[in-house]
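Data from my_file19.cif: mmCIF, N, CA and C atoms
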data_upload
loop_
_atom_site.label_atom_id
_atom_site.label_comp_id
_atom_site.auth_asym_id
_atom_site.auth_seq_id
_atom_site.Cartn_x
_atom_site.Cartn_y
_atom_site.Cartn_z
N MET A 759 0.82 -1.19 0.00
CA MET A 759 0.00 0.00 0.00
C MET A 759 0.87 1.26 0.00
N TRP A 760 2.00 1.22 0.68
CA TRP A 760 2.88 2.39 0.73
C TRP A 760 3.50 2.68 -0.63
N LYS A 761 3.58 1.67 -1.49
CA LYS A 761 4.16 1.88 -2.82
C LYS A 761 3.30 2.81 -3.68
N SER A 762 2.01 2.86 -3.40
CA SER A 762 1.12 3.69 -4.21
C SER A 762 1.03 5.13 -3.71
N VAL A 763 1.69 5.45 -2.60
CA VAL A 763 1.60 6.81 -2.05
C VAL A 763 2.19 7.87 -2.99
N PRO A 764 3.37 7.68 -3.58
CA PRO A 764 3.89 8.74 -4.46
C PRO A 764 3.00 9.01 -5.67
N THR A 765 2.45 7.97 -6.27
CA THR A 765 1.59 8.22 -7.43
C THR A 765 0.26 8.85 -7.01
N ALA A 766 -0.26 8.46 -5.84
CA ALA A 766 -1.50 9.07 -5.35
C ALA A 766 -1.27 10.54 -5.02
N LEU A 767 -0.12 10.86 -4.43
CA LEU A 767 0.20 12.26 -4.15
C LEU A 767 0.41 13.04 -5.44
N GLY A 768 0.97 12.39 -6.45
CA GLY A 768 1.13 13.05 -7.74
C GLY A 768 -0.21 13.37 -8.39
N PHE A 769 -1.23 12.56 -8.09
CA PHE A 769 -2.56 12.85 -8.60
C PHE A 769 -3.25 13.92 -7.76
N LEU A 770 -3.14 13.84 -6.44
CA LEU A 770 -3.89 14.73 -5.56
C LEU A 770 -3.28 16.12 -5.41
N SER A 771 -1.98 16.24 -5.56
CA SER A 771 -1.32 17.54 -5.32
C SER A 771 -1.83 18.64 -6.24
N PRO A 772 -1.84 18.46 -7.55
CA PRO A 772 -2.34 19.55 -8.40
C PRO A 772 -3.85 19.56 -8.56
N ASN A 773 -4.54 18.65 -7.87
CA ASN A 773 -5.97 18.48 -8.09
C ASN A 773 -6.78 19.72 -7.72
N PHE A 774 -6.41 20.43 -6.66
CA PHE A 774 -7.16 21.61 -6.22
C PHE A 774 -7.11 22.71 -7.27
N VAL A 775 -5.93 22.97 -7.81
CA VAL A 775 -5.77 24.03 -8.81
C VAL A 775 -6.49 23.65 -10.11
N ILE A 776 -6.31 22.41 -10.54
CA ILE A 776 -6.94 21.96 -11.78
C ILE A 776 -8.46 21.98 -11.65
N SER A 777 -8.96 21.51 -10.53
CA SER A 777 -10.40 21.47 -10.32
C SER A 777 -11.00 22.87 -10.23
N THR A 778 -10.32 23.78 -9.56
CA THR A 778 -10.83 25.15 -9.44
C THR A 778 -10.89 25.83 -10.80
N CYS A 779 -9.82 25.72 -11.57
CA CYS A 779 -9.80 26.33 -12.91
C CYS A 779 -10.85 25.70 -13.81
N GLY A 780 -10.96 24.39 -13.78
CA GLY A 780 -11.96 23.70 -14.60
C GLY A 780 -13.38 24.08 -14.22
N PHE A 781 -13.64 24.20 -12.93
CA PHE A 781 -14.97 24.57 -12.46
C PHE A 781 -15.33 25.99 -12.90
N ILE A 782 -14.40 26.91 -12.74
CA ILE A 782 -14.67 28.30 -13.09
C ILE A 782 -14.96 28.45 -14.58
N VAL A 783 -14.09 27.87 -15.40
CA VAL A 783 -14.27 28.00 -16.86
C VAL A 783 -15.55 27.32 -17.32
N THR A 784 -15.81 26.13 -16.81
CA THR A 784 -16.99 25.40 -17.24
C THR A 784 -18.28 26.08 -16.81
N VAL A 785 -18.36 26.49 -15.56
CA VAL A 785 -19.60 27.10 -15.08
C VAL A 785 -19.86 28.44 -15.75
N ILE A 786 -18.83 29.24 -15.94
CA ILE A 786 -19.03 30.53 -16.60
C ILE A 786 -19.48 30.34 -18.04
N SER A 787 -18.82 29.45 -18.77
CA SER A 787 -19.19 29.30 -20.19
C SER A 787 -20.56 28.64 -20.36
N VAL A 788 -20.89 27.66 -19.53
CA VAL A 788 -22.19 27.01 -19.67
C VAL A 788 -23.31 27.95 -19.23
N SER A 789 -23.12 28.70 -18.15
CA SER A 789 -24.18 29.61 -17.72
C SER A 789 -24.32 30.78 -18.68
N LEU A 790 -23.22 31.27 -19.24
CA LEU A 790 -23.30 32.33 -20.24
C LEU A 790 -23.98 31.82 -21.51
N GLY A 791 -23.65 30.61 -21.91
CA GLY A 791 -24.28 30.03 -23.09
C GLY A 791 -25.76 29.75 -22.87
N ALA A 792 -26.12 29.26 -21.69
CA ALA A 792 -27.54 29.00 -21.40
C ALA A 792 -28.33 30.30 -21.28
N GLY A 793 -27.68 31.34 -20.78
CA GLY A 793 -28.35 32.62 -20.63
C GLY A 793 -28.62 33.31 -21.96
N THR A 794 -27.80 33.07 -22.94
CA THR A 794 -27.97 33.70 -24.25
C THR A 794 -28.44 32.70 -25.31
N LEU A 795 -29.03 31.60 -24.85
CA LEU A 795 -29.46 30.54 -25.76
C LEU A 795 -30.57 31.00 -26.70
N LEU A 796 -31.47 31.83 -26.21
CA LEU A 796 -32.57 32.30 -27.05
C LEU A 796 -32.11 33.22 -28.17
N LEU A 797 -30.96 33.84 -27.99
CA LEU A 797 -30.43 34.74 -29.02
C LEU A 797 -29.63 34.00 -30.08
N LEU A 798 -29.50 32.69 -29.94
CA LEU A 798 -28.71 31.82 -30.82
C LEU A 798 -27.21 32.09 -30.74
N VAL A 799 -26.81 33.09 -29.98
CA VAL A 799 -25.39 33.33 -29.73
C VAL A 799 -24.88 32.35 -28.69
N GLY A 800 -25.79 31.89 -27.83
CA GLY A 800 -25.40 31.03 -26.73
C GLY A 800 -25.14 29.60 -27.12
N ILE A 801 -25.61 29.18 -28.29
CA ILE A 801 -25.42 27.78 -28.69
C ILE A 801 -23.94 27.43 -28.83
N PRO A 802 -23.13 28.21 -29.56
CA PRO A 802 -21.71 27.84 -29.62
C PRO A 802 -20.98 28.03 -28.29
N ILE A 803 -21.41 29.00 -27.48
CA ILE A 803 -20.78 29.20 -26.17
C ILE A 803 -21.09 28.02 -25.26
N LEU A 804 -22.33 27.57 -25.27
CA LEU A 804 -22.72 26.41 -24.49
C LEU A 804 -21.99 25.16 -24.96
N ALA A 805 -21.86 25.01 -26.26
CA ALA A 805 -21.12 23.87 -26.82
C ALA A 805 -19.65 23.91 -26.41
N ASP A 806 -19.06 25.10 -26.39
CA ASP A 806 -17.66 25.21 -25.94
C ASP A 806 -17.51 24.86 -24.47
N GLY A 807 -18.48 25.27 -23.66
CA GLY A 807 -18.44 24.92 -22.23
C GLY A 807 -18.54 23.42 -22.02
N LEU A 808 -19.42 22.77 -22.77
CA LEU A 808 -19.54 21.32 -22.66
C LEU A 808 -18.30 20.63 -23.20
N MET A 809 -17.70 21.18 -24.24
CA MET A 809 -16.47 20.61 -24.79
C MET A 809 -15.34 20.73 -23.77
N PHE A 810 -15.30 21.86 -23.07
CA PHE A 810 -14.27 22.03 -22.04
C PHE A 810 -14.48 21.04 -20.90
N SER A 811 -15.73 20.80 -20.51
CA SER A 811 -15.96 19.82 -19.45
C SER A 811 -15.58 18.41 -19.91
N ARG A 812 -15.76 18.12 -21.20
CA ARG A 812 -15.30 16.84 -21.73
C ARG A 812 -13.79 16.75 -21.66
N MET A 813 -13.10 17.84 -22.01
CA MET A 813 -11.64 17.85 -21.95
C MET A 813 -11.16 17.68 -20.50
N TYR A 814 -11.83 18.32 -19.56
CA TYR A 814 -11.47 18.20 -18.15
C TYR A 814 -11.65 16.76 -17.66
N GLY A 815 -12.79 16.16 -17.99
CA GLY A 815 -13.05 14.80 -17.56
C GLY A 815 -12.09 13.80 -18.19
N THR A 816 -11.75 14.01 -19.45
CA THR A 816 -10.82 13.11 -20.13
C THR A 816 -9.42 13.20 -19.53
N GLN A 817 -8.97 14.42 -19.23
CA GLN A 817 -7.64 14.54 -18.63
C GLN A 817 -7.64 13.98 -17.22
N ASP A 818 -8.77 14.04 -16.52
CA ASP A 818 -8.84 13.42 -15.20
C ASP A 818 -8.73 11.91 -15.30
N LEU A 819 -9.35 11.32 -16.32
CA LEU A 819 -9.24 9.87 -16.52
C LEU A 819 -7.80 9.47 -16.86
N VAL A 820 -7.12 10.30 -17.64
CA VAL A 820 -5.72 10.02 -17.98
C VAL A 820 -4.85 10.12 -16.74
N ARG A 821 -5.11 11.12 -15.90
CA ARG A 821 -4.33 11.28 -14.67
C ARG A 821 -4.58 10.13 -13.71
N LEU A 822 -5.83 9.65 -13.63
CA LEU A 822 -6.13 8.50 -12.78
C LEU A 822 -5.40 7.25 -13.25
N LYS A 823 -5.39 7.04 -14.54
CA LYS A 823 -4.70 5.87 -15.10
C LYS A 823 -3.19 5.97 -14.85
N ALA A 824 -2.64 7.19 -14.98
CA ALA A 824 -1.21 7.38 -14.74
C ALA A 824 -0.86 7.19 -13.27
N ALA A 825 -1.83 7.42 -12.37
CA ALA A 825 -1.59 7.24 -10.94
C ALA A 825 -1.73 5.79 -10.52
N GLY A 826 -2.03 4.90 -11.46
CA GLY A 826 -2.11 3.49 -11.14
C GLY A 826 -3.48 3.02 -10.70
N MET A 827 -4.48 3.86 -10.85
CA MET A 827 -5.84 3.47 -10.49
C MET A 827 -6.43 2.62 -11.62
N PRO A 828 -7.48 1.87 -11.33
CA PRO A 828 -8.11 1.07 -12.39
C PRO A 828 -8.65 1.97 -13.50
N ALA A 829 -8.50 1.52 -14.73
CA ALA A 829 -8.93 2.30 -15.88
C ALA A 829 -10.46 2.37 -15.95
N ILE A 830 -10.96 3.55 -16.31
CA ILE A 830 -12.39 3.77 -16.49
C ILE A 830 -12.61 4.01 -17.98
N SER A 831 -13.55 3.30 -18.55
CA SER A 831 -13.77 3.44 -19.99
C SER A 831 -14.47 4.76 -20.30
N GLN A 832 -14.06 5.35 -21.41
CA GLN A 832 -14.66 6.59 -21.85
C GLN A 832 -15.85 6.29 -22.75
N PRO A 833 -16.82 7.19 -22.80
CA PRO A 833 -17.94 6.96 -23.71
C PRO A 833 -17.50 7.10 -25.15
N SER A 834 -18.29 6.52 -26.04
CA SER A 834 -17.98 6.67 -27.46
C SER A 834 -18.50 8.02 -27.93
N TRP A 835 -17.61 8.80 -28.50
CA TRP A 835 -17.98 10.14 -28.95
C TRP A 835 -18.37 10.06 -30.41
N ALA A 836 -19.62 10.35 -30.69
CA ALA A 836 -20.14 10.25 -32.06
C ALA A 836 -19.64 11.43 -32.90
N LYS A 837 -19.33 11.14 -34.13
CA LYS A 837 -18.95 12.18 -35.09
C LYS A 837 -20.21 12.66 -35.78
N TYR A 838 -20.40 13.95 -35.82
CA TYR A 838 -21.57 14.51 -36.46
C TYR A 838 -21.17 15.04 -37.83
N SER A 839 -21.84 14.52 -38.85
CA SER A 839 -21.48 14.92 -40.21
C SER A 839 -22.67 15.57 -40.91
N GLN A 840 -23.25 16.54 -40.28
CA GLN A 840 -24.34 17.29 -40.89
C GLN A 840 -23.77 18.41 -41.75
N PRO A 841 -24.43 18.75 -42.83
CA PRO A 841 -23.88 19.80 -43.69
C PRO A 841 -23.96 21.19 -43.07
N ARG A 842 -25.00 21.44 -42.22
CA ARG A 842 -25.13 22.77 -41.65
C ARG A 842 -24.55 22.79 -40.24
N LYS A 843 -23.91 23.87 -39.89
CA LYS A 843 -23.23 23.99 -38.61
C LYS A 843 -24.21 24.01 -37.43
N LEU A 844 -25.37 24.66 -37.56
CA LEU A 844 -26.32 24.75 -36.47
C LEU A 844 -26.90 23.37 -36.13
N ASP A 845 -27.11 22.55 -37.14
CA ASP A 845 -27.60 21.19 -36.88
C ASP A 845 -26.56 20.37 -36.13
N GLN A 846 -25.31 20.58 -36.47
CA GLN A 846 -24.24 19.89 -35.73
C GLN A 846 -24.26 20.28 -34.27
N LEU A 847 -24.40 21.56 -33.99
CA LEU A 847 -24.38 22.02 -32.60
C LEU A 847 -25.59 21.53 -31.83
N LYS A 848 -26.75 21.44 -32.46
CA LYS A 848 -27.94 20.94 -31.78
C LYS A 848 -27.76 19.49 -31.38
N LYS A 849 -27.24 18.67 -32.28
CA LYS A 849 -27.01 17.27 -31.95
C LYS A 849 -25.91 17.12 -30.90
N PHE A 850 -24.96 18.02 -30.95
CA PHE A 850 -23.88 18.03 -29.97
C PHE A 850 -24.43 18.32 -28.58
N LEU A 851 -25.37 19.25 -28.48
CA LEU A 851 -25.94 19.62 -27.19
C LEU A 851 -26.89 18.56 -26.64
N ILE A 852 -27.42 17.72 -27.50
CA ILE A 852 -28.34 16.67 -27.06
C ILE A 852 -27.57 15.46 -26.50
N ASN A 853 -26.32 15.30 -26.86
CA ASN A 853 -25.53 14.16 -26.43
C ASN A 853 -25.39 14.16 -24.91
N SER A 854 -25.81 13.08 -24.27
CA SER A 854 -25.81 13.02 -22.81
C SER A 854 -24.42 12.85 -22.21
N SER A 855 -23.46 12.37 -22.98
CA SER A 855 -22.11 12.19 -22.45
C SER A 855 -21.47 13.52 -22.07
N TYR A 856 -21.72 14.54 -22.86
CA TYR A 856 -21.18 15.87 -22.53
C TYR A 856 -21.80 16.41 -21.25
N TRP A 857 -23.09 16.18 -21.06
CA TRP A 857 -23.76 16.66 -19.86
C TRP A 857 -23.30 15.87 -18.63
N ARG A 858 -22.97 14.59 -18.81
CA ARG A 858 -22.43 13.82 -17.69
C ARG A 858 -21.07 14.33 -17.27
N TYR A 859 -20.24 14.70 -18.22
CA TYR A 859 -18.94 15.28 -17.88
C TYR A 859 -19.11 16.65 -17.21
N PHE A 860 -20.12 17.42 -17.64
CA PHE A 860 -20.40 18.69 -16.98
C PHE A 860 -20.83 18.45 -15.53
N LEU A 861 -21.67 17.46 -15.30
CA LEU A 861 -22.08 17.11 -13.94
C LEU A 861 -20.89 16.63 -13.12
N TYR A 862 -19.97 15.92 -13.75
CA TYR A 862 -18.76 15.47 -13.07
C TYR A 862 -17.93 16.66 -12.59
N VAL A 863 -17.79 17.68 -13.43
CA VAL A 863 -17.04 18.87 -13.03
C VAL A 863 -17.72 19.54 -11.84
N LEU A 864 -19.05 19.60 -11.85
CA LEU A 864 -19.77 20.22 -10.75
C LEU A 864 -19.65 19.43 -9.45
N LEU A 865 -19.62 18.12 -9.53
CA LEU A 865 -19.56 17.30 -8.32
C LEU A 865 -18.15 17.14 -7.76
N VAL A 866 -17.15 17.18 -8.62
CA VAL A 866 -15.78 16.98 -8.16
C VAL A 866 -15.25 18.20 -7.42
N PHE A 867 -15.71 19.39 -7.78
CA PHE A 867 -15.18 20.61 -7.18
C PHE A 867 -15.35 20.66 -5.65
N PRO A 868 -16.56 20.42 -5.09
CA PRO A 868 -16.67 20.43 -3.63
C PRO A 868 -15.86 19.33 -2.96
N LEU A 869 -15.77 18.17 -3.61
CA LEU A 869 -14.96 17.09 -3.04
C LEU A 869 -13.48 17.47 -3.02
N THR A 870 -13.04 18.17 -4.04
CA THR A 870 -11.65 18.61 -4.09
C THR A 870 -11.36 19.64 -3.00
N ILE A 871 -12.30 20.53 -2.77
CA ILE A 871 -12.11 21.52 -1.70
C ILE A 871 -12.03 20.82 -0.35
N GLY A 872 -12.92 19.87 -0.11
CA GLY A 872 -12.88 19.12 1.15
C GLY A 872 -11.59 18.34 1.32
N THR A 873 -11.11 17.72 0.26
CA THR A 873 -9.85 16.98 0.32
C THR A 873 -8.68 17.92 0.60
N PHE A 874 -8.69 19.09 -0.03
CA PHE A 874 -7.62 20.06 0.18
C PHE A 874 -7.61 20.56 1.62
N ILE A 875 -8.78 20.84 2.17
CA ILE A 875 -8.86 21.31 3.56
C ILE A 875 -8.37 20.24 4.52
N LEU A 876 -8.79 18.99 4.31
CA LEU A 876 -8.33 17.91 5.18
C LEU A 876 -6.82 17.69 5.07
N ALA A 877 -6.28 17.78 3.86
CA ALA A 877 -4.84 17.61 3.70
C ALA A 877 -4.07 18.75 4.36
N LEU A 878 -4.59 19.97 4.24
CA LEU A 878 -3.95 21.11 4.88
C LEU A 878 -4.01 20.99 6.40
N LEU A 879 -5.16 20.60 6.92
CA LEU A 879 -5.31 20.43 8.37
C LEU A 879 -4.39 19.32 8.88
N TRP A 880 -4.32 18.22 8.14
CA TRP A 880 -3.46 17.12 8.54
C TRP A 880 -2.00 17.55 8.55
N SER A 881 -1.59 18.32 7.55
CA SER A 881 -0.21 18.79 7.48
C SER A 881 0.12 19.73 8.64
N ILE A 882 -0.79 20.63 8.95
CA ILE A 882 -0.55 21.56 10.06
C ILE A 882 -0.47 20.81 11.38
N LEU A 883 -1.37 19.85 11.59
CA LEU A 883 -1.31 19.07 12.83
C LEU A 883 -0.07 18.20 12.90
N ALA A 884 0.35 17.66 11.76
CA ALA A 884 1.54 16.82 11.76
C ALA A 884 2.79 17.62 12.11
N LEU A 885 2.81 18.89 11.77
CA LEU A 885 3.96 19.73 12.10
C LEU A 885 3.84 20.36 13.48
N ALA A 886 2.65 20.76 13.89
CA ALA A 886 2.48 21.50 15.12
C ALA A 886 2.37 20.61 16.36
N LEU A 887 1.79 19.43 16.24
CA LEU A 887 1.59 18.58 17.40
C LEU A 887 2.90 18.12 18.04
N PRO A 888 3.89 17.64 17.28
CA PRO A 888 5.15 17.28 17.94
C PRO A 888 5.84 18.48 18.59
N LEU A 889 5.74 19.64 17.98
CA LEU A 889 6.33 20.84 18.56
C LEU A 889 5.62 21.20 19.86
N TYR A 890 4.31 21.09 19.90
CA TYR A 890 3.56 21.37 21.12
C TYR A 890 3.93 20.39 22.23
N ILE A 891 4.06 19.12 21.89
CA ILE A 891 4.42 18.11 22.90
C ILE A 891 5.81 18.38 23.45
N CYS A 892 6.74 18.75 22.58
CA CYS A 892 8.10 19.03 23.04
C CYS A 892 8.14 20.25 23.96
N VAL A 893 7.38 21.27 23.65
CA VAL A 893 7.34 22.47 24.50
C VAL A 893 6.61 22.17 25.80
N HIS A 894 5.52 21.42 25.74
CA HIS A 894 4.72 21.14 26.92
C HIS A 894 5.48 20.29 27.94
N PHE A 895 6.23 19.30 27.49
CA PHE A 895 6.95 18.42 28.40
C PHE A 895 8.36 18.91 28.71
N GLY A 896 8.73 20.06 28.22
CA GLY A 896 9.99 20.67 28.60
C GLY A 896 11.19 20.26 27.77
N TYR A 897 11.00 19.60 26.64
CA TYR A 897 12.14 19.24 25.80
C TYR A 897 12.70 20.47 25.10
N ILE A 898 11.84 21.43 24.85
CA ILE A 898 12.26 22.71 24.26
C ILE A 898 11.82 23.79 25.24
N ARG A 899 12.74 24.70 25.55
CA ARG A 899 12.42 25.75 26.50
C ARG A 899 11.68 26.87 25.79
N ARG A 900 10.70 27.43 26.48
CA ARG A 900 9.96 28.56 25.93
C ARG A 900 10.80 29.82 26.07
N PRO A 901 10.70 30.69 25.08
CA PRO A 901 11.43 31.94 25.22
C PRO A 901 10.77 32.81 26.31
N VAL A 902 11.61 33.50 27.05
CA VAL A 902 11.12 34.30 28.17
C VAL A 902 10.90 35.72 27.74
#

Same coordinates, now as structure tokens:
Amino acid sequence: MWKSVPTALGFLSPNFVISTCGFIVTVISVSLGAGTLLLLVGIPILADGLMFSRMYGTQDLVRLKAAGMPAISQPSWAKYSQPRKLDQLKKFLINSSYWRYFLYVLLVFPLTIGTFILALLWSILALALPLYICVHFGYIRRPV
């Protein structure tokens, strides 16, 4: 079990920054696209937001596999070959796999924050508790 610690730390260490950036970009682009959907300007913005959430989820799967976790299969991404661009975007927005990756981005963000807080608390306690014990029992003298 100890052999997997370096790879797990390699996955978890940048996770807070990656998750925060992914959450911000995805939520802003999807909400902006949904807000302007009636103007038809929002369709490509919404599609870009969903595409970004797909990219985020795919890179997370690659990072999990690189960390030695069991591989998770990706959905099959259909190629849309419609002659008109608007029809392509409509079929793209109907695809449930993109919406599942968007939901994944929304659900992973709070979990990442909780994991980061626990790791930070654990690190502070791991450093401060031995120092407190040494000062309390007189191994280190307090400054006067």

Residues selected by the PyMOL selection byres (((chain A and resi 813 and name CA) around 12) and name CA), written as JSON, numbers by chain: {"A": [776, 780, 783, 784, 806, 807, 808, 809, 810, 811, 812, 814, 815, 816, 817, 818, 819, 820, 832, 855, 856, 859, 860, 862, 863]}

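The interatomic distance for the pair atom C of Pro764 of chain A and atom CA of Ala877 of chain A works out to 14.9 Å.
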
For Ser762 of chain A, work out the shell of residues within 8 Å, counting only N, CA and C atoms and skipping chain neighbours fewer than 5 positions away, then give it as a list in words. Leu767, Gly768, Ala825 and Gly826 of chain A

Suppose you want the space between atom CA of Lys761 of chain A and atom CA of Leu876 of chain A; what is it in Å?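 Between these atoms lies a distance of 21.8 Å.
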
Counting all atoms listed in the file, which of A:Thr778, A:Thr765, A:Tyr890, A:Pro772 gets nearest to Val866 of chain A? A:Thr778

Can you measure atom CA of Leu795 of chain A to atom CA of Lys849 of chain A for me? One decimal in Å is fine.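 These two atoms are separated by 14.8 Å.
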
Would you give me, as an NGL selection string, the residues in segment 764-846 of chain A that DSSP reads as alpha helix (DSSP H)? :A and (764-770 or 773-793 or 800-824 or 843-846)

Closest of A:Cys892, A:Leu790, A:Met827, A:Cys779 to Leu804 of chain A - atom-to-atom distances counting only C-alpha atoms: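 So, comparing all the options, the nearest one is A:Leu790.
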
Using the structure block above, produce a file of segment 771-789 of chain A that contains N, CA and C atoms, as a PDB file, in the first residue's frame.
ATOM      1  N   SER A 771      -1.976  16.237  -5.561  1.00  0.00           N
ATOM      2  CA  SER A 771      -1.324  17.538  -5.318  1.00  0.00           C
ATOM      3  C   SER A 771      -1.827  18.637  -6.243  1.00  0.00           C
ATOM      4  N   PRO A 772      -1.845  18.464  -7.547  1.00  0.00           N
ATOM      5  CA  PRO A 772      -2.341  19.551  -8.398  1.00  0.00           C
ATOM      6  C   PRO A 772      -3.855  19.559  -8.564  1.00  0.00           C
ATOM      7  N   ASN A 773      -4.542  18.654  -7.875  1.00  0.00           N
ATOM      8  CA  ASN A 773      -5.974  18.481  -8.095  1.00  0.00           C
ATOM      9  C   ASN A 773      -6.784  19.720  -7.721  1.00  0.00           C
ATOM     10  N   PHE A 774      -6.409  20.431  -6.657  1.00  0.00           N
ATOM     11  CA  PHE A 774      -7.157  21.606  -6.219  1.00  0.00           C
ATOM     12  C   PHE A 774      -7.108  22.707  -7.273  1.00  0.00           C
ATOM     13  N   VAL A 775      -5.925  22.967  -7.811  1.00  0.00           N
ATOM     14  CA  VAL A 775      -5.773  24.028  -8.809  1.00  0.00           C
ATOM     15  C   VAL A 775      -6.489  23.649 -10.105  1.00  0.00           C
ATOM     16  N   ILE A 776      -6.310  22.413 -10.545  1.00  0.00           N
ATOM     17  CA  ILE A 776      -6.939  21.961 -11.783  1.00  0.00           C
ATOM     18  C   ILE A 776      -8.458  21.981 -11.653  1.00  0.00           C
ATOM     19  N   SER A 777      -8.959  21.514 -10.529  1.00  0.00           N
ATOM     20  CA  SER A 777     -10.403  21.473 -10.322  1.00  0.00           C
ATOM     21  C   SER A 777     -11.001  22.869 -10.227  1.00  0.00           C
ATOM     22  N   THR A 778     -10.321  23.780  -9.560  1.00  0.00           N
ATOM     23  CA  THR A 778     -10.827  25.147  -9.441  1.00  0.00           C
ATOM     24  C   THR A 778     -10.886  25.828 -10.804  1.00  0.00           C
ATOM     25  N   CYS A 779      -9.819  25.717 -11.569  1.00  0.00           N
ATOM     26  CA  CYS A 779      -9.803  26.331 -12.907  1.00  0.00           C
ATOM     27  C   CYS A 779     -10.855  25.696 -13.812  1.00  0.00           C
ATOM     28  N   GLY A 780     -10.962  24.386 -13.782  1.00  0.00           N
ATOM     29  CA  GLY A 780     -11.962  23.704 -14.601  1.00  0.00           C
ATOM     30  C   GLY A 780     -13.377  24.080 -14.217  1.00  0.00           C
ATOM     31  N   PHE A 781     -13.644  24.202 -12.930  1.00  0.00           N
ATOM     32  CA  PHE A 781     -14.973  24.575 -12.457  1.00  0.00           C
ATOM     33  C   PHE A 781     -15.330  25.986 -12.899  1.00  0.00           C
ATOM     34  N   ILE A 782     -14.401  26.911 -12.737  1.00  0.00           N
ATOM     35  CA  ILE A 782     -14.668  28.303 -13.092  1.00  0.00           C
ATOM     36  C   ILE A 782     -14.956  28.446 -14.583  1.00  0.00           C
ATOM     37  N   VAL A 783     -14.094  27.872 -15.404  1.00  0.00           N
ATOM     38  CA  VAL A 783     -14.268  28.004 -16.857  1.00  0.00           C
ATOM     39  C   VAL A 783     -15.548  27.320 -17.320  1.00  0.00           C
ATOM     40  N   THR A 784     -15.810  26.134 -16.807  1.00  0.00           N
ATOM     41  CA  THR A 784     -16.990  25.397 -17.241  1.00  0.00           C
ATOM     42  C   THR A 784     -18.284  26.083 -16.812  1.00  0.00           C
ATOM     43  N   VAL A 785     -18.357  26.489 -15.565  1.00  0.00           N
ATOM     44  CA  VAL A 785     -19.601  27.099 -15.075  1.00  0.00           C
ATOM     45  C   VAL A 785     -19.860  28.440 -15.751  1.00  0.00           C
ATOM     46  N   ILE A 786     -18.826  29.236 -15.937  1.00  0.00           N
ATOM     47  CA  ILE A 786     -19.027  30.529 -16.602  1.00  0.00           C
ATOM     48  C   ILE A 786     -19.479  30.335 -18.043  1.00  0.00           C
ATOM     49  N   SER A 787     -18.824  29.448 -18.771  1.00  0.00           N
ATOM     50  CA  SER A 787     -19.185  29.295 -20.185  1.00  0.00           C
ATOM     51  C   SER A 787     -20.555  28.636 -20.358  1.00  0.00           C
ATOM     52  N   VAL A 788     -20.891  27.657 -19.530  1.00  0.00           N
ATOM     53  CA  VAL A 788     -22.195  27.011 -19.669  1.00  0.00           C
ATOM     54  C   VAL A 788     -23.313  27.953 -19.226  1.00  0.00           C
ATOM     55  N   SER A 789     -23.122  28.695 -18.148  1.00  0.00           N
ATOM     56  CA  SER A 789     -24.176  29.613 -17.717  1.00  0.00           C
ATOM     57  C   SER A 789     -24.318  30.782 -18.685  1.00  0.00           C
TER      58      SER A 789
END
